[in-house]
Amino acid sequence: MLEKTLRAGVSMADISPEKGVGLGGYPHFDRLNTGVHDPLIAAAIVLDDGATRVALVCLDFLFMSRQHVQAIRQRAAAAAGIHADHIMIACSHTHSAPFAVEWIDPGAPGGIRMPHAGYVAALEDKLVALIRDAAAHLFEARLGVNIGHCGKEAGVGGNRRSPDGPADPDVWTLGVQDAAGNWKACLVRYSLHPTIIHEESTVVTADYPAYVRSELARRFPGMVLLFAQGTSGDQSTRYFRQGQSFSEAERIGSAIGRAAGDTLANLKCSANVPLSVRTANVDIPLRELPSVAEMERRVDRVRARWRQLQEEKAPYLDIQNANLDMLGEEDILAYARVRQSGRRLSNIEGELPAEVQVIGLGDARLVALPAEVFLEFGQRIRSGSPYPKTCVVTLANGCLPGYVYTAEAAAAGGYETGASMMTTQAGEALVAAALKLLRATA
C-alpha cells in the first residue's frame, strides 16, 4: 500500500466583538462588554491526505448552536472543497465572550437571552473565510499527537463539585510541522472551565487559554494555537485557584502552556497520517419539567438559604455553592415558564438529535461531542476505545440544553444537574454512539 503524504493549511483570525456586544456565561444581568482585555481568537487547521480532507476549527467563544455550525459548514464546504461533516467547530467556553444560541437566563426579558445578530453574522463570515484560507494554502506537513500533564500538583484544574472528585490532568497536544520541521500549528485540549474571570468583569477575554497561547507563542514564535475544551462539565478551578484575577489566569494558563510546549518539543511527527471521519446523530432524552408553581416554591427555598448564608457571612465557597443551586432551580423555572407559554427554544429543538463526530488522525482519534459533558463520560470513551490515543473534545458542533451529568451527580444534586434539561441517559447515549463509531474504524 502506498503511503499517503499529508498536506496541511493553517489560519487564524481575531473574532473579538465591538464594545457593547453582550457577554455570556453568567445569568441575571446584561454584561455589555466595556472593551477587550485580550483578543478572542479563532484558528483552523485543514488536513488533506490525498483522499480525505478535514478541518479542525477552535474559537474563544461561549457556545454555538448546531444551526450556526451547519450554516458555516455548508458555506465552507463549497468554498474549501471539504465535506460538511468533515468540519469540526469547537468552542473554548470562555465565560467572557459572546454566544450564538438562545439560552435560558432568568434575568433576561421573557427568561431568554438572545445572541447579538450582527456579531454572529460577521462571525460566520470570518469562520468560513478562515477555513477557505487554510484550505487554499496547503503545504507538505507532518503531524503528531501526544499527552502532557498538568494537574493538582501544579495547583491547576480539579473537580468543581468536590475537591476530592475525579479530575483530568491530561494536556492533549496535536502538532503540525512543515516539511522543514518548523512548527506551524498546535491544538491543545484541556478539561477546565474558563471561569477564572467572573461575572463582575465586563471585559472581553479568552480567560486562561489566552495565556496558554502566549506561553506557546513565546516558545514557538509564529505557530498558530487552537484551544479545545475537554470533558469539563464537572471541572473548574473552584477549589484550587488562588483568586479570580488575570494574574491567576496567567498562572494557570502558563502552566498548561508549559506542559503543552514540553510535549510538543518531544513530539514525533509523521507525514503518513491517514484521515477518516465518521458521524452519528443521537437521540437525547429530556427530563419532565415540574409545574411552574412547584418550581416557584423550590426557587423560594433555595433563595432563602442563599440569603441566610450571606447574612451569616458564611465562607465564600458555601455562599457560591448555594448561589449555584439557586441558579439551577431558577433556570428550570424559566424553562417551565417558556414551556407553559408554548414557545419553542432553539437550544432544545434546534440541537436535537445531537451529533457525535469521530475524526481519525493516523493512530489517534478525536471524538467531538456537543454540550458540557462530565469527565466520567470522557474517561469511559477513552477506556473503551480501541485507540490508546483517543481525545474527547466538547462544546463541538453545537450545544445541548444543559450539562451531561452522571447518575451519581443526579443523586447528590447541585447546579449542574438542577439546571440541565437532560436526564442521566444523555451521557449513556453519547458514550454508546462514540464507542460504536470508534470500533467501526478499528
# chains A, B, ... in the order shown; residues from 1 in each chain; ligands from 1
call {"tool": "residues_around", "arguments": {"residues": "Ala55 (chain A)", "least_positions_apart": "3", "cutoff": "8 Å", "atoms": "only C-alpha atoms", "output": "mmCIF file with N, CA and C atoms, in the first residue's frame"}}
result
data_model
loop_
_atom_site.group_PDB
_atom_site.id
_atom_site.type_symbol
_atom_site.label_atom_id
_atom_site.label_comp_id
_atom_site.auth_asym_id
_atom_site.auth_seq_id
_atom_site.Cartn_x
_atom_site.Cartn_y
_atom_site.Cartn_z
ATOM 1 N N ALA A 44 -7.822 27.666 12.549
ATOM 2 C CA ALA A 44 -8.205 26.466 11.795
ATOM 3 C C ALA A 44 -6.971 25.719 11.325
ATOM 4 N N ILE A 45 -7.081 24.403 11.320
ATOM 5 C CA ILE A 45 -6.124 23.509 10.672
ATOM 6 C C ILE A 45 -6.910 22.695 9.653
ATOM 7 N N VAL A 46 -6.511 22.765 8.394
ATOM 8 C CA VAL A 46 -7.082 21.901 7.361
ATOM 9 C C VAL A 46 -6.053 20.836 7.025
ATOM 10 N N LEU A 47 -6.468 19.572 7.031
ATOM 11 C CA LEU A 47 -5.596 18.434 6.750
ATOM 12 C C LEU A 47 -6.112 17.696 5.524
ATOM 13 N N ILE A 82 -14.375 20.789 1.179
ATOM 14 C CA ILE A 82 -14.384 19.887 2.336
ATOM 15 C C ILE A 82 -15.809 19.419 2.565
ATOM 16 N N HIS A 86 -17.059 16.813 7.648
ATOM 17 C CA HIS A 86 -15.641 16.686 7.982
ATOM 18 C C HIS A 86 -15.086 17.939 8.651
ATOM 19 N N ILE A 87 -15.955 18.849 9.021
ATOM 20 C CA ILE A 87 -15.545 20.089 9.678
ATOM 21 C C ILE A 87 -15.962 20.034 11.142
ATOM 22 N N MET A 88 -15.016 20.204 12.041
ATOM 23 C CA MET A 88 -15.287 20.299 13.469
ATOM 24 C C MET A 88 -15.173 21.755 13.895
ATOM 25 N N ILE A 131 -11.603 28.878 7.181
ATOM 26 C CA ILE A 131 -11.482 27.525 6.616
ATOM 27 C C ILE A 131 -11.039 27.603 5.155
#
call {"tool": "closest_atom_pairs", "arguments": {"of": "region 186-241 of chain A", "to": "region 366-373 of chain A", "cutoff": "7 Å", "atoms": "only C-alpha atoms", "output": "CSV"}}
result
residue,atom,partner,partner_atom,distance
A:Thr231,CA,A:Val373,CA,5.1
A:Ser232,CA,A:Val373,CA,6.2
A:Gly233,CA,A:Val373,CA,4.6
call {"tool": "write_last_selection", "arguments": {"atoms": "N, CA and C atoms", "output": "mmCIF file, in the first residue's frame"}}
result
data_model
loop_
_atom_site.group_PDB
_atom_site.id
_atom_site.type_symbol
_atom_site.label_atom_id
_atom_site.label_comp_id
_atom_site.auth_asym_id
_atom_site.auth_seq_id
_atom_site.Cartn_x
_atom_site.Cartn_y
_atom_site.Cartn_z
ATOM 1 N N THR A 231 -13.708 17.249 28.548
ATOM 2 C CA THR A 231 -14.926 16.925 29.300
ATOM 3 C C THR A 231 -14.877 17.641 30.649
ATOM 4 N N SER A 232 -15.275 18.907 30.622
ATOM 5 C CA SER A 232 -15.093 19.793 31.778
ATOM 6 C C SER A 232 -16.395 20.140 32.475
ATOM 7 N N GLY A 233 -17.474 19.368 32.235
ATOM 8 C CA GLY A 233 -18.740 19.681 32.873
ATOM 9 C C GLY A 233 -18.650 19.765 34.385
#
call {"tool": "closest_residue", "arguments": {"among": "A:Arg339, A:Ile252, A:Val54, A:Asn321", "to": "Val292 (chain A)", "atoms": "only C-alpha atoms"}}
result
A:Arg339
call {"tool": "atom_distance", "arguments": {"atom1": "CA of Pro169 (chain A)", "atom2": "CA of Val356 (chain A)"}}
result
23.7 Å
call {"tool": "residues_around", "arguments": {"residues": "Ser92 (chain A)", "least_positions_apart": "5", "cutoff": "7 Å", "atoms": "only C-alpha atoms", "output": "PDB file with N, CA and C atoms, in the first residue's frame"}}
result
ATOM      1  N   LEU A  59     -12.439  28.100  18.576  1.00  0.00           N
ATOM      2  CA  LEU A  59     -12.593  29.526  18.801  1.00  0.00           C
ATOM      3  C   LEU A  59     -12.844  29.840  20.263  1.00  0.00           C
ATOM      4  N   ASP A  60     -12.352  31.010  20.683  1.00  0.00           N
ATOM      5  CA  ASP A  60     -12.588  31.516  22.025  1.00  0.00           C
ATOM      6  C   ASP A  60     -14.008  32.059  22.068  1.00  0.00           C
ATOM      7  N   PHE A  61     -14.938  31.243  22.562  1.00  0.00           N
ATOM      8  CA  PHE A  61     -16.357  31.554  22.448  1.00  0.00           C
ATOM      9  C   PHE A  61     -17.099  30.754  23.503  1.00  0.00           C
ATOM     10  N   LEU A  62     -18.260  31.250  23.952  1.00  0.00           N
ATOM     11  CA  LEU A  62     -19.009  30.538  24.992  1.00  0.00           C
ATOM     12  C   LEU A  62     -19.627  29.260  24.438  1.00  0.00           C
ATOM     13  N   PHE A 227      -7.236  26.083  20.793  1.00  0.00           N
ATOM     14  CA  PHE A 227      -7.536  25.554  22.117  1.00  0.00           C
ATOM     15  C   PHE A 227      -8.912  24.920  22.096  1.00  0.00           C
ATOM     16  N   ALA A 228      -8.986  23.663  22.537  1.00  0.00           N
ATOM     17  CA  ALA A 228     -10.250  22.927  22.588  1.00  0.00           C
ATOM     18  C   ALA A 228     -10.555  22.523  24.026  1.00  0.00           C
ATOM     19  N   GLN A 229     -11.833  22.492  24.360  1.00  0.00           N
ATOM     20  CA  GLN A 229     -12.270  22.143  25.712  1.00  0.00           C
ATOM     21  C   GLN A 229     -12.519  20.643  25.813  1.00  0.00           C
TER      22      GLN A 229
END
call {"tool": "closest_residue", "arguments": {"among": "A:Leu435, A:Met421, A:Val302, A:Cys399", "to": "Pro386 (chain A)", "atoms": "only C-alpha atoms"}}
result
A:Leu435
call {"tool": "closest_residue", "arguments": {"among": "A:Leu138, A:Ala364, A:Val21, A:Ile348", "to": "Asp48 (chain A)", "atoms": "only C-alpha atoms"}}
result
A:Leu138
